[in-house]
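The structure appears right after this line, and notes come after that.
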2 protein chains.
Amino acid sequence: MDFTDPNGRTAPGAETHAGPVTLVNSFVVPEGRDEAFLELWTATSRYFRAQPGFVSLRLHRAVSSDAPHRFVNVAVWESAAHYRAPHQTEEFVRLVTQEGWREFPSSPALYEVVVEHQLEPSRG
Amino acid sequence: MDFTDPNGRTAPGAETHAGPVTLVNSFVVPEGRDEAFLELWTATSRYFRAQPGFVSLRLHRAVSSDAPHRFVNVAVWESAAHYRAPHQTEEFVRLVTQEGWREFPSSPALYEVVVEHQLEPSRG
């Protein structure tokens with residue numbers, strides 16, 4: 001896959017899905033390249049955070065160096081349509097076709113939350 | 001990999017990591033097998049939720065049928081040690097060596113949150 005192709009940077013499907021969606025996007029980052037990745041990712045994430053329908057994100061880094069995916073972004077959007085709209089702009093294409101991204105393959109996919117549990121405070 | 005081997009069901013590394021960790025565990029589930037997966041996963045998750053140091057979990061299902069990983073569990077633990085302890089019991093081995101699990105390969109890995117953003121309520 002050509003990782004400067006904007007289509008490879010957008011989660012497929014979900015056109016008809018109603019309700020909130022969670023993007024899970026896992027990145028392969030070669031050893032020692034965390035800073036270069038974070039620079040590119042931060043610029044792209046700044047663009048997405050300013051869009052209507054963005055709810056939250058958490059960027060995770062593996063605590064062990066042997067994880068196949070060094071970074072995982074988990075981001076919530078109000079709907080699949082809200083997620084998709086900012087992936088169809090010239091600014092998006094400009095951001096993700098930067099040569100630097102070639103080094104960091106990603107696998108974006110959209111999910112819905114089907115089970116949720118949280119420790120009850122009383123148990124703590 | 002033998003997916004009834006308990007070692008394949010435990011995220012590697014992180015022995016020396018301090019602070020909270022997030023498990024990201026992606027599952028391959030053949031089409032039409034959601035219910036069989038959910039039955040096994042729910043029994044296993046009930047065991048983990050009762051353990052010291054468990055904080056929260058969200059089980060995600062792909063909104064599109066072509067996602068390589070149909071389910072992704074994102075679970076927070078107080079520490080890597082808290083995550084690891086219940087993976088070293090006879091009950092854990094009994095749960096994950098059930099024949100049914102053979103059908104559902106998983107890739108558990110531990111992460112730390114390095115960036116977090118939430119929509120400010122005033123912008124909504």
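A note on labels: chains of the structure tokens are A, B, ... as shown, every chain counts residues from 1, and ligands are counted from 1 in their shown order.
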#### Entry: Shell of 7 Å around A:Phe71, only C-alpha atoms, local chain residues under 5 positions omitted, as a PyMOL selection string
chain A and resi 26-27+59-62
Prev. selection, C-alpha atoms, output as a PDB file, in the first residue's frame:
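Okay, this is what ended up in again03.pdb:
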ATOM      1  CA  SER A  26      -2.715   1.818  15.016  1.00  0.00           C
ATOM      2  CA  PHE A  27       0.652   3.062  13.758  1.00  0.00           C
ATOM      3  CA  LEU A  59      -2.892   8.732  21.851  1.00  0.00           C
ATOM      4  CA  HIS A  60      -1.290   5.632  23.367  1.00  0.00           C
ATOM      5  CA  ARG A  61       2.355   4.568  23.173  1.00  0.00           C
ATOM      6  CA  ALA A  62       3.410   0.962  23.799  1.00  0.00           C
TER       7      ALA A  62
END
Tell me, counting only C-alpha atoms, for each residue of stretch 33-89 of chain B within 12 Å of stretch 74-82 of chain A, which pair of atoms is nearest and how far apart they are in Å to one decimal, in rows ordered by chain and increasing number, as JSON lines.
{"residue": "B:Arg58", "atom": "CA", "partner": "A:Val74", "partner_atom": "CA", "distance": 11.2}
{"residue": "B:His60", "atom": "CA", "partner": "A:Val74", "partner_atom": "CA", "distance": 10.8}
{"residue": "B:Ala62", "atom": "CA", "partner": "A:Ala80", "partner_atom": "CA", "distance": 11.9}
{"residue": "B:Val63", "atom": "CA", "partner": "A:Ala80", "partner_atom": "CA", "distance": 9.3}
{"residue": "B:Ser64", "atom": "CA", "partner": "A:Ala80", "partner_atom": "CA", "distance": 10.9}
{"residue": "B:Val72", "atom": "CA", "partner": "A:Val74", "partner_atom": "CA", "distance": 10.7}
{"residue": "B:Asn73", "atom": "CA", "partner": "A:Val74", "partner_atom": "CA", "distance": 11.3}
{"residue": "B:Val74", "atom": "CA", "partner": "A:Val74", "partner_atom": "CA", "distance": 9.0}
{"residue": "B:Ala75", "atom": "CA", "partner": "A:Val74", "partner_atom": "CA", "distance": 12.0}
### Task
Pull out every residue of chain A that has at least one atom within 7 Å of chain B, counting only C-alpha atoms, and report them as a ChimeraX atom specification.
/A:13-14,17,54-64,67,109-119
If you keep N, CA and C atoms, can you produce a file of those selected residues as an mmCIF file, in the first residue's frame?
data_model
loop_
_atom_site.group_PDB
_atom_site.id
_atom_site.type_symbol
_atom_site.label_atom_id
_atom_site.label_comp_id
_atom_site.auth_asym_id
_atom_site.auth_seq_id
_atom_site.Cartn_x
_atom_site.Cartn_y
_atom_site.Cartn_z
ATOM 1 N N GLY A 13 -15.810 2.267 4.996
ATOM 2 C CA GLY A 13 -17.172 1.837 5.346
ATOM 3 C C GLY A 13 -17.914 2.783 6.273
ATOM 4 N N ALA A 14 -18.957 2.262 6.924
ATOM 5 C CA ALA A 14 -19.706 2.961 7.985
ATOM 6 C C ALA A 14 -20.576 4.096 7.476
ATOM 7 N N HIS A 17 -23.908 4.071 9.280
ATOM 8 C CA HIS A 17 -23.949 3.877 10.719
ATOM 9 C C HIS A 17 -24.432 5.132 11.442
ATOM 10 N N PHE A 54 -15.968 16.368 16.578
ATOM 11 C CA PHE A 54 -14.872 15.746 17.332
ATOM 12 C C PHE A 54 -15.240 15.744 18.813
ATOM 13 N N VAL A 55 -15.062 14.617 19.504
ATOM 14 C CA VAL A 55 -15.406 14.521 20.927
ATOM 15 C C VAL A 55 -14.160 14.383 21.799
ATOM 16 N N SER A 56 -13.308 13.423 21.506
ATOM 17 C CA SER A 56 -12.135 13.196 22.356
ATOM 18 C C SER A 56 -11.127 12.317 21.633
ATOM 19 N N LEU A 57 -9.892 12.345 22.130
ATOM 20 C CA LEU A 57 -8.891 11.400 21.633
ATOM 21 C C LEU A 57 -7.904 11.075 22.735
ATOM 22 N N ARG A 58 -7.346 9.892 22.638
ATOM 23 C CA ARG A 58 -6.211 9.489 23.463
ATOM 24 C C ARG A 58 -5.187 8.843 22.550
ATOM 25 N N LEU A 59 -3.974 9.385 22.582
ATOM 26 C CA LEU A 59 -2.892 8.732 21.851
ATOM 27 C C LEU A 59 -2.114 7.868 22.841
ATOM 28 N N HIS A 60 -1.972 6.596 22.503
ATOM 29 C CA HIS A 60 -1.290 5.632 23.367
ATOM 30 C C HIS A 60 0.048 5.235 22.759
ATOM 31 N N ARG A 61 1.056 5.100 23.619
ATOM 32 C CA ARG A 61 2.355 4.568 23.173
ATOM 33 C C ARG A 61 2.624 3.257 23.913
ATOM 34 N N ALA A 62 3.133 2.267 23.190
ATOM 35 C CA ALA A 62 3.410 0.962 23.799
ATOM 36 C C ALA A 62 4.449 1.104 24.908
ATOM 37 N N VAL A 63 4.240 0.382 26.015
ATOM 38 C CA VAL A 63 5.205 0.446 27.113
ATOM 39 C C VAL A 63 6.362 -0.518 26.866
ATOM 40 N N SER A 64 6.220 -1.388 25.899
ATOM 41 C CA SER A 64 7.248 -2.373 25.585
ATOM 42 C C SER A 64 7.675 -2.157 24.136
ATOM 43 N N ALA A 67 6.103 -4.204 20.768
ATOM 44 C CA ALA A 67 4.725 -4.176 20.268
ATOM 45 C C ALA A 67 4.724 -3.883 18.768
ATOM 46 N N ALA A 109 -9.717 2.203 11.598
ATOM 47 C CA ALA A 109 -11.005 1.514 11.481
ATOM 48 C C ALA A 109 -11.984 2.125 12.484
ATOM 49 N N LEU A 110 -13.268 2.138 12.123
ATOM 50 C CA LEU A 110 -14.309 2.719 12.975
ATOM 51 C C LEU A 110 -15.056 1.639 13.738
ATOM 52 N N TYR A 111 -15.351 1.947 15.004
ATOM 53 C CA TYR A 111 -16.006 0.998 15.915
ATOM 54 C C TYR A 111 -17.152 1.676 16.656
ATOM 55 N N GLU A 112 -18.037 0.843 17.198
ATOM 56 C CA GLU A 112 -19.014 1.323 18.170
ATOM 57 C C GLU A 112 -18.740 0.608 19.489
ATOM 58 N N VAL A 113 -19.043 1.280 20.605
ATOM 59 C CA VAL A 113 -18.846 0.668 21.920
ATOM 60 C C VAL A 113 -20.020 -0.269 22.193
ATOM 61 N N VAL A 114 -19.746 -1.559 22.442
ATOM 62 C CA VAL A 114 -20.827 -2.516 22.693
ATOM 63 C C VAL A 114 -20.897 -2.952 24.162
ATOM 64 N N VAL A 115 -19.800 -2.832 24.896
ATOM 65 C CA VAL A 115 -19.795 -3.137 26.334
ATOM 66 C C VAL A 115 -18.923 -2.097 27.025
ATOM 67 N N GLU A 116 -19.373 -1.614 28.184
ATOM 68 C CA GLU A 116 -18.590 -0.622 28.918
ATOM 69 C C GLU A 116 -18.680 -0.934 30.405
ATOM 70 N N HIS A 117 -17.539 -0.954 31.083
ATOM 71 C CA HIS A 117 -17.522 -1.158 32.538
ATOM 72 C C HIS A 117 -16.537 -0.192 33.171
ATOM 73 N N GLN A 118 -16.893 0.264 34.340
ATOM 74 C CA GLN A 118 -16.027 1.180 35.086
ATOM 75 C C GLN A 118 -16.072 0.731 36.537
ATOM 76 N N LEU A 119 -14.922 0.716 37.202
ATOM 77 C CA LEU A 119 -14.887 0.378 38.624
ATOM 78 C C LEU A 119 -15.819 1.312 39.391
#
#### Entry: strand (DSSP E) positions in chain B, given as JSON, numbers by chain
{"B": [21, 22, 23, 24, 25, 26, 27, 54, 55, 56, 57, 58, 59, 60, 61, 62, 71, 72, 73, 74, 75, 76, 77, 106, 107, 108, 109, 110, 111, 112, 113, 114, 115, 116, 117, 118]}
### Message
Residues within 12 Å of B:Thr44, please, as a list of chain:residue names. Count only C-alpha atoms; anything in the same chain fewer than 4 positions from it doesn't count.
### Response
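Non-adjacent residues within range: B:Arg9, B:Phe37, B:Leu38, B:Glu39, B:Leu40, B:Phe48, B:Arg49, B:Ala50, B:Gln51, B:Asn73, B:Pro86, B:His87, B:Glu91, B:Phe92, B:Val93, B:Arg94, B:Leu95, B:Val96, B:Thr97, B:Gln98, B:Trp101.
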Hey, what does DSSP flag as alpha helix (DSSP H) within chain B? Can you give it to me as a tab-separated table (two decimals) with C-alpha atoms, in the first residue's frame?
chain	number	residue	atom	x	y	z
B	34	ASP	CA	-20.08	-12.46	17.01
B	35	GLU	CA	-22.31	-14.28	19.49
B	36	ALA	CA	-19.88	-17.14	20.07
B	37	PHE	CA	-17.08	-14.62	20.58
B	38	LEU	CA	-19.12	-12.46	22.96
B	39	GLU	CA	-20.02	-15.46	25.11
B	40	LEU	CA	-16.35	-16.41	25.62
B	41	TRP	CA	-15.19	-12.82	25.99
B	42	THR	CA	-17.87	-11.96	28.57
B	43	ALA	CA	-16.89	-14.88	30.82
B	44	THR	CA	-13.22	-13.89	30.62
B	45	SER	CA	-13.96	-10.21	31.16
B	46	ARG	CA	-16.09	-11.01	34.25
B	47	TYR	CA	-12.98	-12.62	35.76
B	48	PHE	CA	-10.76	-9.61	35.02
B	49	ARG	CA	-13.27	-7.01	36.21
B	80	ALA	CA	1.27	-3.21	34.68
B	81	ALA	CA	1.69	-5.35	37.81
B	82	HIS	CA	-2.07	-5.23	38.46
B	83	TYR	CA	-2.68	-6.22	34.84
B	84	ARG	CA	-0.21	-9.08	35.01
B	90	GLU	CA	-5.10	-21.34	37.23
B	91	GLU	CA	-8.46	-19.69	36.62
B	92	PHE	CA	-6.95	-17.58	33.79
B	93	VAL	CA	-5.41	-20.68	32.18
B	94	ARG	CA	-8.75	-22.49	32.43
B	95	LEU	CA	-10.59	-19.58	30.80
B	96	VAL	CA	-8.28	-18.97	27.85
